[in-house]
>>> print(open('upload_26.txt').read())   # compact mmCIF, C-alpha atoms
# COMPACT_ATOMS: atom_id res chain seq x y z
CA ARG A 1 24.37 86.34 64.33
CA PRO A 2 27.34 86.49 66.73
CA LYS A 3 27.15 88.82 69.70
CA TRP A 4 28.56 92.32 69.25
CA ASP A 5 28.62 95.66 71.07
CA SER A 6 29.71 99.24 70.55
CA THR A 7 33.38 98.31 70.94
CA THR A 8 33.27 95.79 68.06
CA THR A 9 34.82 97.15 64.88
CA GLY A 10 33.25 96.59 61.48
CA GLU A 11 36.07 94.30 60.38
CA GLN A 12 35.83 92.23 63.55
CA LEU A 13 32.07 91.87 63.12
CA ARG A 14 32.36 90.79 59.49
CA LEU A 15 34.96 88.19 60.44
CA MET A 16 32.82 86.85 63.29
CA GLU A 17 29.77 86.72 61.04
CA ARG A 18 31.67 84.83 58.34
CA ASN A 19 33.07 82.30 60.81
CA SER A 20 29.69 81.83 62.49
CA PHE A 21 27.98 81.32 59.14
CA LEU A 22 30.56 78.75 58.01
CA GLU A 23 30.23 76.89 61.30
CA TRP A 24 26.43 76.83 60.91
CA ARG A 25 26.70 75.46 57.36
CA ARG A 26 29.14 72.76 58.50
CA GLY A 27 26.63 71.75 61.16
CA LEU A 28 23.92 71.37 58.52
CA VAL A 29 26.19 69.22 56.36
CA ALA A 30 27.05 67.05 59.39
CA LEU A 31 23.37 66.53 60.12
CA GLU A 32 22.75 65.63 56.51
CA GLU A 33 25.56 63.06 56.46
CA ASP A 34 25.22 61.60 59.97
CA GLU A 35 21.43 61.39 60.08
CA GLY A 36 20.88 60.64 56.39
CA LEU A 37 18.57 63.63 56.01
CA LEU A 38 17.82 65.45 52.77
CA LEU A 39 18.76 69.11 53.02
CA THR A 40 16.77 71.22 50.58
CA PRO A 41 18.34 74.15 48.72
CA PHE A 42 18.64 77.28 50.85
CA GLU A 43 20.20 80.73 50.71
CA ARG A 44 24.00 80.36 50.84
CA ASN A 45 24.89 84.02 50.33
CA LEU A 46 26.08 85.42 53.66
CA GLU A 47 25.19 88.96 52.59
CA VAL A 48 21.49 88.06 52.35
CA TRP A 49 21.56 86.58 55.86
CA ARG A 50 23.26 89.75 57.09
CA GLN A 51 20.27 91.71 55.82
CA LEU A 52 17.92 89.38 57.70
CA TRP A 53 19.90 89.89 60.92
CA ARG A 54 19.76 93.66 60.55
CA VAL A 55 16.05 93.71 59.74
CA ILE A 56 15.25 91.62 62.84
CA GLU A 57 17.50 93.73 65.07
CA ARG A 58 15.91 97.01 64.05
CA SER A 59 12.28 95.75 63.92
CA ASP A 60 9.83 95.94 66.82
CA LEU A 61 7.47 93.53 65.06
CA VAL A 62 8.53 90.88 62.53
CA VAL A 63 5.83 89.94 60.02
CA GLN A 64 6.43 86.60 58.34
CA ILE A 65 4.52 86.42 55.05
CA VAL A 66 3.40 82.95 53.94
CA ASP A 67 1.42 81.57 51.01
CA SER A 68 -2.09 80.56 52.05
CA ARG A 69 -1.97 77.40 49.93
CA HIS A 70 0.74 75.88 52.14
CA PRO A 71 1.27 78.09 55.21
CA LEU A 72 3.29 75.59 57.24
CA PHE A 73 5.73 75.03 54.39
CA PHE A 74 6.55 78.74 54.21
CA ARG A 75 6.52 79.36 57.96
CA SER A 76 9.87 79.20 59.76
CA THR A 77 9.55 78.40 63.46
CA ASP A 78 13.32 78.87 63.82
CA LEU A 79 12.95 82.45 62.60
CA GLU A 80 10.26 83.11 65.20
CA ALA A 81 12.47 81.65 67.93
CA TYR A 82 15.44 83.75 66.78
CA VAL A 83 13.35 86.93 66.96
CA LYS A 84 12.67 86.18 70.64
CA GLU A 85 16.36 85.38 71.21
CA VAL A 86 17.30 88.83 69.96
CA ASP A 87 14.73 90.50 72.25
CA VAL A 88 11.85 88.79 74.04
CA ARG A 89 9.80 91.98 73.68
CA LYS A 90 9.80 91.76 69.89
CA GLY A 91 6.62 90.40 68.34
CA ASN A 92 5.96 87.77 65.67
CA LEU A 93 3.04 87.87 63.26
CA LEU A 94 2.05 85.42 60.51
CA LEU A 95 0.50 87.18 57.51
CA VAL A 96 -1.31 84.57 55.39
CA ASN A 97 -1.22 86.13 51.93
CA LYS A 98 -3.22 85.02 48.85
CA ALA A 99 -6.05 84.10 51.24
CA ASP A 100 -8.58 84.68 48.45
CA MET A 101 -7.43 81.35 46.99
CA LEU A 102 -8.88 79.53 50.02
CA THR A 103 -12.54 78.75 50.61
CA VAL A 104 -14.25 80.06 53.72
CA ASP A 105 -14.19 76.56 55.25
CA GLN A 106 -10.45 76.26 54.60
CA ARG A 107 -9.79 79.63 56.23
CA ILE A 108 -11.88 78.62 59.24
CA ALA A 109 -9.88 75.38 59.56
CA TRP A 110 -6.57 77.25 59.40
CA ALA A 111 -7.82 79.89 61.85
CA ASP A 112 -8.75 77.15 64.34
CA TYR A 113 -5.31 75.57 63.92
CA PHE A 114 -3.42 78.84 64.39
CA GLU A 115 -5.41 79.73 67.49
CA LYS A 116 -4.89 76.26 68.92
CA GLU A 117 -1.12 76.59 68.39
CA GLY A 118 -1.04 80.11 69.84
CA ILE A 119 0.08 81.72 66.56
CA ARG A 120 -0.71 85.37 65.90
CA TYR A 121 -2.08 85.53 62.35
CA ILE A 122 -4.12 87.54 59.86
CA PHE A 123 -5.59 86.66 56.46
CA PHE A 124 -4.77 89.05 53.65
CA SER A 125 -4.81 89.20 49.86
CA ALA A 126 -2.47 91.61 48.11
CA ALA A 127 -4.22 90.86 44.81
CA LEU A 128 -7.64 91.86 46.18
CA ALA A 129 -6.09 94.93 47.81
CA LYS A 130 -4.63 96.02 44.45
CA ILE A 131 -7.99 95.55 42.74
CA LYS A 132 -9.73 97.70 45.37
CA LEU A 133 -7.04 100.39 45.12
CA ASP A 134 -7.32 100.41 41.33
CA GLU A 135 -11.12 100.64 41.55
CA ALA A 136 -10.87 103.52 44.01
CA ALA A 137 -8.42 105.32 41.71
CA ALA A 138 -10.72 104.75 38.72
CA GLU A 139 -13.70 106.10 40.64
CA GLU A 140 -11.70 109.18 41.58
CA ARG A 141 -10.79 109.75 37.94
CA ASP A 142 -14.43 109.31 36.91
CA ARG A 143 -15.53 111.89 39.48
CA GLU A 144 -12.98 114.38 38.19
CA GLU A 145 -14.12 113.82 34.61
CA LEU A 146 -17.74 114.27 35.61
CA ASP A 147 -16.88 117.51 37.36
CA ASN A 148 -15.01 118.72 34.30
CA PHE A 149 -17.88 117.97 31.94
CA ARG A 150 -20.41 119.36 34.41
CA LEU A 151 -22.92 116.55 34.07
CA ASP A 152 -26.18 116.45 35.96
CA GLU A 153 -24.96 116.14 39.58
CA ASP A 154 -28.25 114.94 41.02
CA GLU A 155 -28.54 112.07 38.53
CA GLU A 156 -24.95 110.99 39.07
CA GLU A 157 -25.37 111.02 42.84
CA ASP A 158 -28.43 108.76 42.58
CA VAL A 159 -26.51 106.25 40.45
CA ALA A 160 -23.53 106.35 42.81
CA GLU A 161 -25.76 105.78 45.83
CA GLU A 162 -27.34 102.74 44.18
CA ASP A 163 -23.91 101.28 43.38
CA VAL A 164 -22.73 101.81 46.95
CA GLU A 165 -25.86 100.16 48.32
CA ASP A 166 -25.36 97.12 46.05
CA GLU A 167 -21.70 96.82 47.09
CA GLU A 168 -22.63 97.10 50.76
CA GLU A 169 -25.28 94.38 50.42
CA ASP A 170 -22.79 92.04 48.72
CA SER A 171 -20.13 92.66 51.37
CA GLU A 172 -22.66 92.14 54.18
CA GLU A 173 -23.68 88.77 52.73
CA LYS A 174 -20.04 87.67 52.56
CA GLU A 175 -19.36 88.84 56.11
CA GLU A 176 -22.32 86.81 57.39
CA GLU A 177 -20.88 83.66 55.82
CA CYS A 178 -17.38 84.11 57.27
CA PRO A 179 -16.55 84.42 60.99
CA GLU A 180 -14.35 87.30 62.10
CA ASN A 181 -11.28 85.16 62.81
CA ALA A 182 -11.22 83.83 59.23
CA ARG A 183 -12.07 87.06 57.41
CA ILE A 184 -9.72 88.53 54.81
CA ILE A 185 -8.87 92.03 55.99
CA ASP A 186 -8.36 94.91 53.59
CA VAL A 187 -5.28 97.10 53.40
CA HIS A 188 -6.67 99.83 55.67
CA GLU A 189 -7.55 97.24 58.31
CA LEU A 190 -4.06 95.79 57.94
CA THR A 191 -2.52 99.18 58.67
CA GLU A 192 -4.71 99.60 61.76
CA PHE A 193 -3.94 96.04 62.89
CA LEU A 194 -0.19 96.65 62.67
CA GLN A 195 -0.57 99.84 64.70
CA ARG A 196 -2.51 97.98 67.40
CA GLU A 197 -0.10 95.04 67.38
CA CYS A 198 2.91 97.28 67.97
CA PRO A 199 1.76 100.66 69.37
CA LYS A 200 5.19 101.98 70.33
CA SER A 201 8.87 101.44 69.54
CA LEU A 202 11.20 99.45 71.78
CA ARG A 203 14.08 101.83 71.14
CA THR A 204 15.17 104.12 73.96
CA ASP A 205 18.38 105.56 72.48
CA ILE A 206 16.65 108.28 70.43
CA PRO A 207 13.76 110.65 71.21
CA ASN A 208 10.33 109.88 69.72
CA PRO A 209 11.37 106.77 67.78
CA LYS A 210 9.11 105.40 65.07
CA VAL A 211 7.76 101.85 65.22
CA THR A 212 9.69 99.62 62.80
CA ILE A 213 7.90 96.63 61.28
CA GLY A 214 10.01 94.09 59.40
CA PHE A 215 8.64 91.95 56.56
CA VAL A 216 10.30 88.60 55.95
CA GLY A 217 9.39 85.67 53.71
CA TYR A 218 10.31 83.21 51.02
CA PRO A 219 10.58 84.40 47.43
CA ASN A 220 7.28 84.40 45.55
CA VAL A 221 4.93 84.58 48.55
CA GLY A 222 3.73 88.07 47.64
CA LYS A 223 5.89 90.12 50.00
CA SER A 224 6.51 92.91 47.51
CA SER A 225 2.82 92.99 46.52
CA THR A 226 1.79 93.31 50.17
CA LEU A 227 4.19 96.19 50.74
CA ASN A 228 3.09 97.89 47.53
CA ALA A 229 -0.55 97.59 48.66
CA LEU A 230 0.30 99.14 52.03
CA VAL A 231 2.23 101.98 50.43
CA GLY A 232 -0.44 102.55 47.77
CA ALA A 233 -3.23 102.80 50.34
CA ASN A 234 -1.25 105.37 52.31
CA ALA A 235 0.16 107.22 49.32
CA VAL A 236 -0.67 110.66 50.66
CA SER A 237 1.68 110.39 53.62
CA VAL A 238 4.29 108.03 52.19
CA SER A 239 7.88 108.73 51.31
CA SER A 240 10.30 105.98 50.33
CA THR A 241 13.96 106.12 51.25
CA PRO A 242 16.67 103.53 50.63
CA GLY A 243 17.99 101.66 53.64
CA LYS A 244 21.54 101.89 54.91
CA THR A 245 22.48 98.88 52.82
CA LYS A 246 21.79 98.15 49.19
CA HIS A 247 19.73 95.05 49.99
CA PHE A 248 16.88 95.94 52.31
CA GLN A 249 14.73 99.03 52.10
CA THR A 250 13.04 101.19 54.71
CA ILE A 251 9.70 102.72 53.76
CA HIS A 252 8.17 105.50 55.85
CA LEU A 253 4.53 104.49 55.89
CA SER A 254 3.36 107.28 58.20
CA ASP A 255 4.62 109.67 60.87
CA SER A 256 4.80 106.77 63.34
CA ILE A 257 5.52 103.60 61.29
CA ILE A 258 8.50 102.49 59.22
CA LEU A 259 8.30 99.34 57.11
CA CYS A 260 11.53 97.38 56.71
CA ASP A 261 11.63 95.13 53.65
CA CYS A 262 14.00 92.17 53.88
CA PRO A 263 15.07 90.44 50.65
CA GLY A 264 13.30 87.13 50.08
CA LEU A 265 15.34 84.15 51.19
CA VAL A 266 14.92 80.39 51.38
CA PHE A 267 15.40 78.82 54.79
CA PRO A 268 16.99 75.36 55.05
CA SER A 269 14.63 72.48 55.67
CA PHE A 270 14.97 68.75 56.21
CA ALA A 271 11.25 68.06 56.06
CA THR A 272 10.61 68.84 52.39
CA THR A 273 11.99 67.81 49.02
CA LYS A 274 13.15 69.77 46.01
CA ALA A 275 9.98 68.60 44.24
CA GLU A 276 7.82 70.31 46.86
CA MET A 277 9.85 73.50 46.58
CA VAL A 278 9.30 73.55 42.81
CA CYS A 279 5.56 72.92 43.19
CA ASN A 280 5.34 75.68 45.82
CA GLY A 281 7.06 78.18 43.52
CA VAL A 282 10.22 78.55 45.62
CA LEU A 283 12.59 77.08 43.02
CA PRO A 284 12.20 78.34 39.44
CA ILE A 285 10.88 75.87 36.87
CA ASP A 286 13.32 77.20 34.26
CA GLN A 287 16.22 75.71 36.21
CA LEU A 288 14.46 72.37 36.69
CA ARG A 289 16.65 69.38 35.83
CA GLU A 290 14.86 66.49 37.52
CA PHE A 291 11.22 66.79 36.47
CA THR A 292 9.65 63.49 37.53
CA GLY A 293 9.53 64.44 41.22
CA PRO A 294 7.41 67.61 40.85
CA ALA A 295 5.27 65.97 38.17
CA GLY A 296 4.74 62.99 40.46
CA LEU A 297 3.48 65.26 43.25
CA VAL A 298 1.04 66.94 40.88
CA ALA A 299 -0.19 63.58 39.59
CA GLU A 300 -0.56 62.23 43.12
CA ARG A 301 -2.28 65.19 44.80
CA ILE A 302 -4.52 66.66 42.09
CA PRO A 303 -7.65 64.59 41.34
CA ARG A 304 -7.54 62.90 37.98
CA ARG A 305 -10.70 64.58 36.67
CA VAL A 306 -9.31 67.99 37.59
CA LEU A 307 -6.11 67.32 35.65
CA GLU A 308 -8.12 66.24 32.62
CA ALA A 309 -10.36 69.30 32.79
CA ILE A 310 -7.56 71.83 33.28
CA TYR A 311 -5.21 70.50 30.61
CA GLY A 312 -7.85 69.24 28.17
CA ILE A 313 -6.47 65.71 28.07
CA ARG A 314 -7.83 62.18 28.50
CA LEU A 315 -5.70 60.04 30.83
CA ARG A 316 -5.70 56.32 30.19
CA THR A 317 -4.19 54.38 33.07
CA ARG A 318 -3.51 50.65 32.88
CA ASP A 319 -2.73 47.91 35.37
CA ILE A 320 0.24 45.57 35.24
CA GLU A 321 -1.54 43.35 32.70
CA GLY A 322 -2.30 46.22 30.37
CA ASP A 323 -6.00 46.56 31.14
CA ILE A 324 -7.45 50.07 31.51
CA VAL A 325 -8.23 50.87 35.15
CA GLU A 326 -9.50 53.94 37.01
CA ARG A 327 -6.67 55.29 39.21
CA GLN A 328 -4.41 58.28 39.66
CA PRO A 329 -1.83 58.58 36.87
CA THR A 330 1.89 58.29 37.41
CA ALA A 331 4.22 61.14 36.52
CA GLU A 332 5.24 59.36 33.32
CA GLU A 333 1.64 58.77 32.25
CA LEU A 334 0.66 62.38 32.91
CA LEU A 335 3.67 63.86 31.12
CA LYS A 336 3.42 61.58 28.09
CA THR A 337 -0.29 62.27 27.67
CA TYR A 338 0.21 66.01 28.00
CA ALA A 339 3.21 65.98 25.60
CA VAL A 340 1.21 64.12 22.95
CA ALA A 341 -1.76 66.51 23.34
CA ARG A 342 0.50 69.56 22.91
CA GLY A 343 2.70 68.09 20.21
CA TYR A 344 5.88 68.12 22.28
CA THR A 345 8.22 65.55 20.70
CA LYS A 346 11.93 64.82 20.77
CA ALA A 347 13.75 65.83 17.62
CA SER A 348 15.63 62.58 17.16
CA GLN A 349 12.98 59.85 17.38
CA GLY A 350 9.70 61.69 17.67
CA ASN A 351 8.90 60.30 21.12
CA PRO A 352 6.93 62.45 23.61
CA ASP A 353 9.18 65.08 25.18
CA GLU A 354 8.41 64.64 28.90
CA ALA A 355 10.95 67.25 30.02
CA ARG A 356 9.31 69.97 27.94
CA ALA A 357 5.86 68.85 29.04
CA ALA A 358 6.92 69.19 32.69
CA ARG A 359 7.99 72.81 32.14
CA TYR A 360 5.08 74.00 29.99
>>> encode(input="upload_26.txt", output="structure tokens")
Amino acid sequence: RPKWDSTTTGEQLRLMERNSFLEWRRGLVALEEDEGLLLTPFERNLEVWRQLWRVIERSDLVVQIVDSRHPLFFRSTDLEAYVKEVDVRKGNLLLVNKADMLTVDQRIAWADYFEKEGIRYIFFSAALAKIKLDEAAAEERDREELDNFRLDEDEEEDVAEEDVEDEEEDSEEKEEECPENARIIDVHELTEFLQRECPKSLRTDIPNPKVTIGFVGYPNVGKSSTLNALVGANAVSVSSTPGKTKHFQTIHLSDSIILCDCPGLVFPSFATTKAEMVCNGVLPIDQLREFTGPAGLVAERIPRRVLEAIYGIRLRTRDIEGDIVERQPTAEELLKTYAVARGYTKASQGNPDEARAARY
């Protein structure tokens, strides 16, 4: 974002932002043409980038939410550098969401990598947090119903105590298996962690400012689910107010913390392909035109036996002479086999419909 101060008018700032954005996009095109690099699809709407600039400027801590299945793909080092350019006192934090999809060994490996690279990180699962919140709400409803029906209190307390003991034993066993640096924290621990990470606001222009924590990430990484979990766990003291623009929202989490929700946006990248973006859920499958690339990645990276088990198919792969051999299937072999198994055929000639198979 171009530099501005209190003397800059709104019209001047919008003009500078538009010119700066166009110049940045021209630079990306020049790199693509001169270096022969493949530029993946990215957010081209200036208004969305304006929201990102404003969220970073007003935030004391910027939390970048990434998908645990491919953290480095969803992490933007340029974003982290830009946060420090705006103000070196601002903090960066990597929230690895959907961590329940990783094994303990995988989380330990990622934790070792993050610590080696000096990256501040936490493992979290919005899905697990929602389950726990729902269970807590259900237990509360059950208690109210029991009180209303006036059941035997002593008997109910004994049952409740046994359930709590069982849950505590299960959680203790899991904690013993997983070291602290690779543990998935719950929503209450996340709230406490954010408070410790950024104890006070950097603003000095107003009295008793609240700490502002910005949440940024690609679409489909679970940013909204994480925020909903945080708000749900603190529902007693939460009030939600719209932000000053129609795109990002400020959520008053407590008397001292404001959450700032930035709209999901896709950052430009030269290191990945459109196929990877489809497989990672960044680009919607419904708009998929070229399907062999994503299908090829799936066929290459997922073990053959896993593909057969998940889709209920039997892959027959042949060598150049037509003999059956044991190897990973190609995209064409996988799609044709799946199309035949599901009955997906082209209307004209009855051949397997590979395009439909790729989507469904």
>>> residues_around(input="upload_26.txt", residues="range 96-107 of chain A", least_positions_apart="5", cutoff="12 Å", atoms="all atoms listed in the file", output="VMD selection string")
chain A and resid 63 to 75 112 to 114 119 to 130 174 to 187 190 217 to 218 220 to 227 229
>>> write_last_selection(input="upload_26.txt", atoms="C-alpha atoms", output="mmCIF file, in the coordinates of the input")
data_model
loop_
_atom_site.group_PDB
_atom_site.id
_atom_site.type_symbol
_atom_site.label_atom_id
_atom_site.label_comp_id
_atom_site.auth_asym_id
_atom_site.auth_seq_id
_atom_site.Cartn_x
_atom_site.Cartn_y
_atom_site.Cartn_z
ATOM 1 C CA VAL A 63 5.830 89.940 60.020
ATOM 2 C CA GLN A 64 6.430 86.600 58.340
ATOM 3 C CA ILE A 65 4.520 86.420 55.050
ATOM 4 C CA VAL A 66 3.400 82.950 53.940
ATOM 5 C CA ASP A 67 1.420 81.570 51.010
ATOM 6 C CA SER A 68 -2.090 80.560 52.050
ATOM 7 C CA ARG A 69 -1.970 77.400 49.930
ATOM 8 C CA HIS A 70 0.740 75.880 52.140
ATOM 9 C CA PRO A 71 1.270 78.090 55.210
ATOM 10 C CA LEU A 72 3.290 75.590 57.240
ATOM 11 C CA PHE A 73 5.730 75.030 54.390
ATOM 12 C CA PHE A 74 6.550 78.740 54.210
ATOM 13 C CA ARG A 75 6.520 79.360 57.960
ATOM 14 C CA ASP A 112 -8.750 77.150 64.340
ATOM 15 C CA TYR A 113 -5.310 75.570 63.920
ATOM 16 C CA PHE A 114 -3.420 78.840 64.390
ATOM 17 C CA ILE A 119 0.080 81.720 66.560
ATOM 18 C CA ARG A 120 -0.710 85.370 65.900
ATOM 19 C CA TYR A 121 -2.080 85.530 62.350
ATOM 20 C CA ILE A 122 -4.120 87.540 59.860
ATOM 21 C CA PHE A 123 -5.590 86.660 56.460
ATOM 22 C CA PHE A 124 -4.770 89.050 53.650
ATOM 23 C CA SER A 125 -4.810 89.200 49.860
ATOM 24 C CA ALA A 126 -2.470 91.610 48.110
ATOM 25 C CA ALA A 127 -4.220 90.860 44.810
ATOM 26 C CA LEU A 128 -7.640 91.860 46.180
ATOM 27 C CA ALA A 129 -6.090 94.930 47.810
ATOM 28 C CA LYS A 130 -4.630 96.020 44.450
ATOM 29 C CA LYS A 174 -20.040 87.670 52.560
ATOM 30 C CA GLU A 175 -19.360 88.840 56.110
ATOM 31 C CA GLU A 176 -22.320 86.810 57.390
ATOM 32 C CA GLU A 177 -20.880 83.660 55.820
ATOM 33 C CA CYS A 178 -17.380 84.110 57.270
ATOM 34 C CA PRO A 179 -16.550 84.420 60.990
ATOM 35 C CA GLU A 180 -14.350 87.300 62.100
ATOM 36 C CA ASN A 181 -11.280 85.160 62.810
ATOM 37 C CA ALA A 182 -11.220 83.830 59.230
ATOM 38 C CA ARG A 183 -12.070 87.060 57.410
ATOM 39 C CA ILE A 184 -9.720 88.530 54.810
ATOM 40 C CA ILE A 185 -8.870 92.030 55.990
ATOM 41 C CA ASP A 186 -8.360 94.910 53.590
ATOM 42 C CA VAL A 187 -5.280 97.100 53.400
ATOM 43 C CA LEU A 190 -4.060 95.790 57.940
ATOM 44 C CA GLY A 217 9.390 85.670 53.710
ATOM 45 C CA TYR A 218 10.310 83.210 51.020
ATOM 46 C CA ASN A 220 7.280 84.400 45.550
ATOM 47 C CA VAL A 221 4.930 84.580 48.550
ATOM 48 C CA GLY A 222 3.730 88.070 47.640
ATOM 49 C CA LYS A 223 5.890 90.120 50.000
ATOM 50 C CA SER A 224 6.510 92.910 47.510
ATOM 51 C CA SER A 225 2.820 92.990 46.520
ATOM 52 C CA THR A 226 1.790 93.310 50.170
ATOM 53 C CA LEU A 227 4.190 96.190 50.740
ATOM 54 C CA ALA A 229 -0.550 97.590 48.660
#
>>> residues_near_point(input="upload_26.txt", point="(3.6, 65.0, 24.6)", cutoff="10 Å", atoms="all atoms listed in the file", output="number ranges by chain")
A: 334-346, 350-358
>>> atom_distance(input="upload_26.txt", atom1="CA of Gly281 in chain A", atom2="CA of Arg58 in chain A")
29.2 Å
>>> residues_near_point(input="upload_26.txt", point="(19.3, 92.6, 57.6)", cutoff="12 Å", atoms="all atoms listed in the file", output="NGL selection string")
:A and (1 or 46-59 or 62 or 214-216 or 243-250 or 260-265)
>>> atom_distance(input="upload_26.txt", atom1="CA of Thr191 in chain A", atom2="CA of Ile206 in chain A")
24.3 Å
>>> residues_around(input="upload_26.txt", residues="Pro294 in chain A", least_positions_apart="4", cutoff="10 Å", atoms="all atoms listed in the file", output="VMD selection string")
chain A and resid 273 to 280 285 288 290 298 to 300 331 358
>>> closest_residue(input="upload_26.txt", among="A:Asn148, A:Ser269, A:Thr317, A:Thr292", to="Glu32 in chain A", atoms="all atoms listed in the file")
A:Ser269
>>> axis_aligned_box(input="upload_26.txt", around="range 29-43 of chain A", padding_each_side="3 Å", output="JSON")
{"center_x": 21.9, "center_y": 70.7, "center_z": 54.4, "size_x": 16.3, "size_y": 26.1, "size_z": 17.4}
>>> atom_distance(input="upload_26.txt", atom1="CA of Phe267 in chain A", atom2="CA of Phe42 in chain A")
5.3 Å
>>> closest_residue(input="upload_26.txt", among="A:Lys90, A:Arg327, A:Arg305, A:Arg359", to="Val211 in chain A", atoms="all atoms listed in the file")
A:Lys90
>>> decode(input="upload_26.txt", residues="range 16-32 of chain A", atoms="N, CA, C and O atoms", output="PDB file, in the first residue's frame")
ATOM      1  N   MET A  16      -3.728   6.768  -5.584  1.00  0.00           N
ATOM      2  CA  MET A  16      -2.407   6.190  -5.348  1.00  0.00           C
ATOM      3  C   MET A  16      -2.481   4.678  -5.209  1.00  0.00           C
ATOM      4  O   MET A  16      -1.616   3.943  -5.716  1.00  0.00           O
ATOM      5  N   GLU A  17      -3.512   4.196  -4.530  1.00  0.00           N
ATOM      6  CA  GLU A  17      -3.673   2.746  -4.363  1.00  0.00           C
ATOM      7  C   GLU A  17      -3.906   2.067  -5.709  1.00  0.00           C
ATOM      8  O   GLU A  17      -3.326   1.008  -5.994  1.00  0.00           O
ATOM      9  N   ARG A  18      -4.729   2.684  -6.552  1.00  0.00           N
ATOM     10  CA  ARG A  18      -5.026   2.093  -7.855  1.00  0.00           C
ATOM     11  C   ARG A  18      -3.768   2.054  -8.725  1.00  0.00           C
ATOM     12  O   ARG A  18      -3.466   1.041  -9.360  1.00  0.00           O
ATOM     13  N   ASN A  19      -3.015   3.144  -8.731  1.00  0.00           N
ATOM     14  CA  ASN A  19      -1.793   3.181  -9.533  1.00  0.00           C
ATOM     15  C   ASN A  19      -0.747   2.196  -9.018  1.00  0.00           C
ATOM     16  O   ASN A  19      -0.061   1.520  -9.796  1.00  0.00           O
ATOM     17  N   SER A  20      -0.624   2.107  -7.704  1.00  0.00           N
ATOM     18  CA  SER A  20       0.335   1.179  -7.104  1.00  0.00           C
ATOM     19  C   SER A  20      -0.042  -0.260  -7.412  1.00  0.00           C
ATOM     20  O   SER A  20       0.823  -1.090  -7.719  1.00  0.00           O
ATOM     21  N   PHE A  21      -1.333  -0.563  -7.352  1.00  0.00           N
ATOM     22  CA  PHE A  21      -1.802  -1.918  -7.621  1.00  0.00           C
ATOM     23  C   PHE A  21      -1.560  -2.303  -9.080  1.00  0.00           C
ATOM     24  O   PHE A  21      -1.115  -3.417  -9.381  1.00  0.00           O
ATOM     25  N   LEU A  22      -1.837  -1.358 -10.000  1.00  0.00           N
ATOM     26  CA  LEU A  22      -1.605  -1.629 -11.424  1.00  0.00           C
ATOM     27  C   LEU A  22      -0.124  -1.834 -11.712  1.00  0.00           C
ATOM     28  O   LEU A  22       0.257  -2.714 -12.499  1.00  0.00           O
ATOM     29  N   GLU A  23       0.715  -1.036 -11.071  1.00  0.00           N
ATOM     30  CA  GLU A  23       2.155  -1.180 -11.258  1.00  0.00           C
ATOM     31  C   GLU A  23       2.642  -2.541 -10.741  1.00  0.00           C
ATOM     32  O   GLU A  23       3.476  -3.196 -11.358  1.00  0.00           O
ATOM     33  N   TRP A  24       2.091  -2.973  -9.617  1.00  0.00           N
ATOM     34  CA  TRP A  24       2.454  -4.279  -9.053  1.00  0.00           C
ATOM     35  C   TRP A  24       2.031  -5.409  -9.985  1.00  0.00           C
ATOM     36  O   TRP A  24       2.797  -6.351 -10.235  1.00  0.00           O
ATOM     37  N   ARG A  25       0.833  -5.305 -10.566  1.00  0.00           N
ATOM     38  CA  ARG A  25       0.360  -6.342 -11.479  1.00  0.00           C
ATOM     39  C   ARG A  25       1.186  -6.368 -12.752  1.00  0.00           C
ATOM     40  O   ARG A  25       1.470  -7.439 -13.297  1.00  0.00           O
ATOM     41  N   ARG A  26       1.598  -5.193 -13.234  1.00  0.00           N
ATOM     42  CA  ARG A  26       2.461  -5.165 -14.429  1.00  0.00           C
ATOM     43  C   ARG A  26       3.794  -5.846 -14.129  1.00  0.00           C
ATOM     44  O   ARG A  26       4.362  -6.529 -14.989  1.00  0.00           O
ATOM     45  N   GLY A  27       4.309  -5.633 -12.922  1.00  0.00           N
ATOM     46  CA  GLY A  27       5.561  -6.285 -12.541  1.00  0.00           C
ATOM     47  C   GLY A  27       5.433  -7.800 -12.526  1.00  0.00           C
ATOM     48  O   GLY A  27       6.363  -8.511 -12.943  1.00  0.00           O
ATOM     49  N   LEU A  28       4.286  -8.306 -12.082  1.00  0.00           N
ATOM     50  CA  LEU A  28       4.075  -9.752 -12.084  1.00  0.00           C
ATOM     51  C   LEU A  28       4.017 -10.298 -13.510  1.00  0.00           C
ATOM     52  O   LEU A  28       4.583 -11.355 -13.822  1.00  0.00           O
ATOM     53  N   VAL A  29       3.336  -9.571 -14.391  1.00  0.00           N
ATOM     54  CA  VAL A  29       3.248  -9.996 -15.791  1.00  0.00           C
ATOM     55  C   VAL A  29       4.631  -9.985 -16.438  1.00  0.00           C
ATOM     56  O   VAL A  29       4.985 -10.898 -17.195  1.00  0.00           O
ATOM     57  N   ALA A  30       5.433  -8.967 -16.122  1.00  0.00           N
ATOM     58  CA  ALA A  30       6.794  -8.893 -16.677  1.00  0.00           C
ATOM     59  C   ALA A  30       7.633 -10.077 -16.213  1.00  0.00           C
ATOM     60  O   ALA A  30       8.396 -10.667 -17.014  1.00  0.00           O
ATOM     61  N   LEU A  31       7.518 -10.433 -14.949  1.00  0.00           N
ATOM     62  CA  LEU A  31       8.246 -11.598 -14.446  1.00  0.00           C
ATOM     63  C   LEU A  31       7.806 -12.866 -15.155  1.00  0.00           C
ATOM     64  O   LEU A  31       8.624 -13.717 -15.509  1.00  0.00           O
ATOM     65  N   GLU A  32       6.505 -12.967 -15.370  1.00  0.00           N
ATOM     66  CA  GLU A  32       5.966 -14.156 -16.022  1.00  0.00           C
ATOM     67  C   GLU A  32       6.490 -14.283 -17.446  1.00  0.00           C
ATOM     68  O   GLU A  32       6.850 -15.376 -17.900  1.00  0.00           O
TER      69      GLU A  32
END
